[in-house]
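A quick write-up on the structure given underneath.
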Amino acid sequence: MDSIASSPSKPRSAREASSRPRPATRRVGILGVGSYAPERVLTNDDLERMVDTSDEWIQTRTGMRERRIAAPGQATSDLALVAAETALQRAGLAASALDVILVATVTPDHVCPATACHLQRKLGATRAAGFDISVACTGFVNALMTGHSFLASGTFSNALVIGADTLSTITNYEDRESCVLFGDGAGAVVLSASSEGAQVIDHVVGIDGGGAEMIIVPAGGSLRPASHETVDNHEHALKLQGRKVFRFAVTKFAEVLKQITARNDYALDDIDLVIPHQANLRILEAAADRVGLPMEKMFVNIDRYGNTSSASIPLALDDAYRQGRLERGKLVALVGFGGGLSWGASLIRW
Ligand code: UT7
């Protein structure tokens, strides 16, 4: 009997595998964007009083001035809820019309159930399916790609795509190398199978688990469950190998931006605005320099929010929208990179 294994098909070359996929069958538009950041502001001056650091060091090494911190009892789904309600209102869509909710997060309300379930209940999205997507700082790009695919293929018609994180809950405020970087926030987009709104064009994503240790929360998962020891050792907080991540980020940023423009037959000059993951202003400057992108085309709000992981890109997207920088017709690239290691980009015609 013939088996699949006995007649292997010819493996595709790397070049074939990375070529542009078949055009989607349905067009997909972003009908609304929204974001939310908690009220409490943690400034560099506040951090000076907590660890051995200075406003001068933080600003010159990261570009950050302040970040937002969730209130006790304010969970990731609470942040996501406000962002989602704004996006739905701007889209003119009722929560009950949503078919699916995708929440990119590394700080879910609970390990189980998914944060998407909490958000579904809070929104009253009675018909929606949903799940969480965990790809750290590239989470939103992966969630957008997933929502786009569902809608383009006809599986669903309306999707809510969220990036939300409360990194303050997994930050060790005794570790000066990491605690100055992180903040909390949420951003949302409403996607519809429609030729209206900003048209989602394409995505490029990737991971390399060989770099898993570079950004990691060591305990709390199945490998190292929570114990008194893990709590005492701050093993439930993010640990970074900052310098290594810095080098990876600059290289990958340039690579992924070139890749997504080239495979859609655009030149880098055609990009009007890049909405990057806000990890470090120096990473963004070095990456822009590497590809010859003027910094005016790089959207930056790191000074006000710091690094909010999955929320970073949609928070910046909504900020750009509110500042009037997303005029109709503009070609916009979202670029993410971070824990995994992971990287990705999305291309959108606004
Ligand atoms: O989104 C993905 C997750 N984000 C990241 O992984 C962050 C990526 N990396 C970075 O943004 C940067 O590497 C950091 C901001 C983390 C560090 O900046 P750096 O320019 O790479 O500094 P460094 O690690 O080379 O450290 C320089 C010095 C060290 O002191 P010595 O060894 O030169 O005496 C550090 O101990 O700065 C010291 N340092 C600090 N000093 C004051 C590290 N953190 C601090 C601090 N305040 N908060």
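Letters A, B, ... go to the chains of the structure tokens in the order shown; residues in each chain start at 1; ligands are counted from 1 in the same order.
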For this session: Excluding A:Ile283 and residues on its chain fewer than 5 positions from it, collect all residues at most 7 Å away from it, counting only C-alpha atoms, and give them as a list of chain:residue names.
Result: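 Here the qualifying residues turn out to be A:Phe246, A:Ala249, A:Val250.
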For this session: Within 6 Å of A:Ala164, counting only C-alpha atoms, which residues show up once you throw out same-chain ones fewer than 4 positions away? Write them as JSON, numbers by chain, please.
Result: {"A": [80, 105, 185, 186, 310, 311]}
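With distances restricted to only C-alpha atoms, A:Thr166 is the closest residue to A:Tyr305 from A:Ser153, A:Gln120, A:Thr60, A:Thr166.
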Problem set entry | Sel. of strand (DSSP E) residues, stretch 158-304 of chain A, as a ChimeraX atom specification | /A:158-166,184-192,198-207,215-216,239-240,273-276
Exercise. Within 6 Å of ligand 1, counting only C-alpha atoms and all ligand atoms: which residues, as a ChimeraX atom specification?
Worked result: /A:53-54,57,61-62,137,176-177,180,240,242-243,245-246,279-280,338
Exercise. Which residue out of A:Ile133, A:Leu88, A:Ile215, A:Val335 has the minimum interatomic distance to A:Ser178 when only C-alpha atoms are used?
Worked result: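 Among the listed residues, the smallest separation from A:Ser178 belongs to A:Ile215.
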Exercise. If you count only C-alpha atoms, which residues fall within 10 Å of A:Leu47, apart from same-chain ones fewer than 3 positions away, as an NGL selection string?
Worked result: :A and (42-44 or 50-55 or 58 or 66 or 173 or 176 or 179-180)
For this session: Would you list, as JSON, numbers by chain, the residues of stretch 47-207 of chain A that end up in alpha helix (DSSP H) under DSSP run on this structure's backbone?
Result: {"A": [47, 48, 55, 56, 57, 58, 59, 60, 61, 62, 76, 77, 78, 79, 80, 81, 82, 83, 84, 85, 86, 87, 88, 89, 90, 91, 115, 116, 117, 118, 119, 120, 121, 122, 123, 139, 140, 141, 142, 143, 144, 145, 146, 147, 148, 149, 150, 151, 152, 153, 176, 177, 178, 179]}
Closest-contact table, stretch 175-210 of chain A side, partner stretch 319-332 of chain A, 12 Å, counting only C-alpha atoms, as a Markdown table:
```
| residue | atom | partner | partner_atom | distance |
| --- | --- | --- | --- | --- |
| A:Ala186 | CA | A:Asp319 | CA | 11.6 |
| A:Gly187 | CA | A:Asp319 | CA | 9.6 |
| A:Ala188 | CA | A:Asp319 | CA | 11.6 |
| A:Val189 | CA | A:Tyr321 | CA | 11.5 |
| A:Glu196 | CA | A:Arg328 | CA | 11.2 |
| A:Gly197 | CA | A:Arg328 | CA | 8.9 |
| A:Ala198 | CA | A:Arg328 | CA | 7.7 |
| A:Gln199 | CA | A:Gly329 | CA | 9.5 |
| A:Val200 | CA | A:Val332 | CA | 9.6 |
| A:Ile201 | CA | A:Leu331 | CA | 9.9 |
| A:Asp202 | CA | A:Val332 | CA | 11.1 |
| A:His203 | CA | A:Val332 | CA | 12.0 |
```
Exercise. Of the residues A:Ile348, A:Val111, A:Leu144, A:Leu98, which is the one nearest to A:Arg127, using only C-alpha atoms?
Worked result: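 Of the candidates, the smallest distance to A:Arg127 is held by A:Leu98.
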Exercise. Which value, in Å to one decimal, gives the distance between atom CA of A:Glu213 and atom CA of A:Thr107?
Worked result: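 Distance between the two atoms: 17.9 Å.
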Exercise. Separation of atom CA of A:Ile170 and atom CA of A:Asp109, in Å?
Worked result: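 The value is 12.2 Å.
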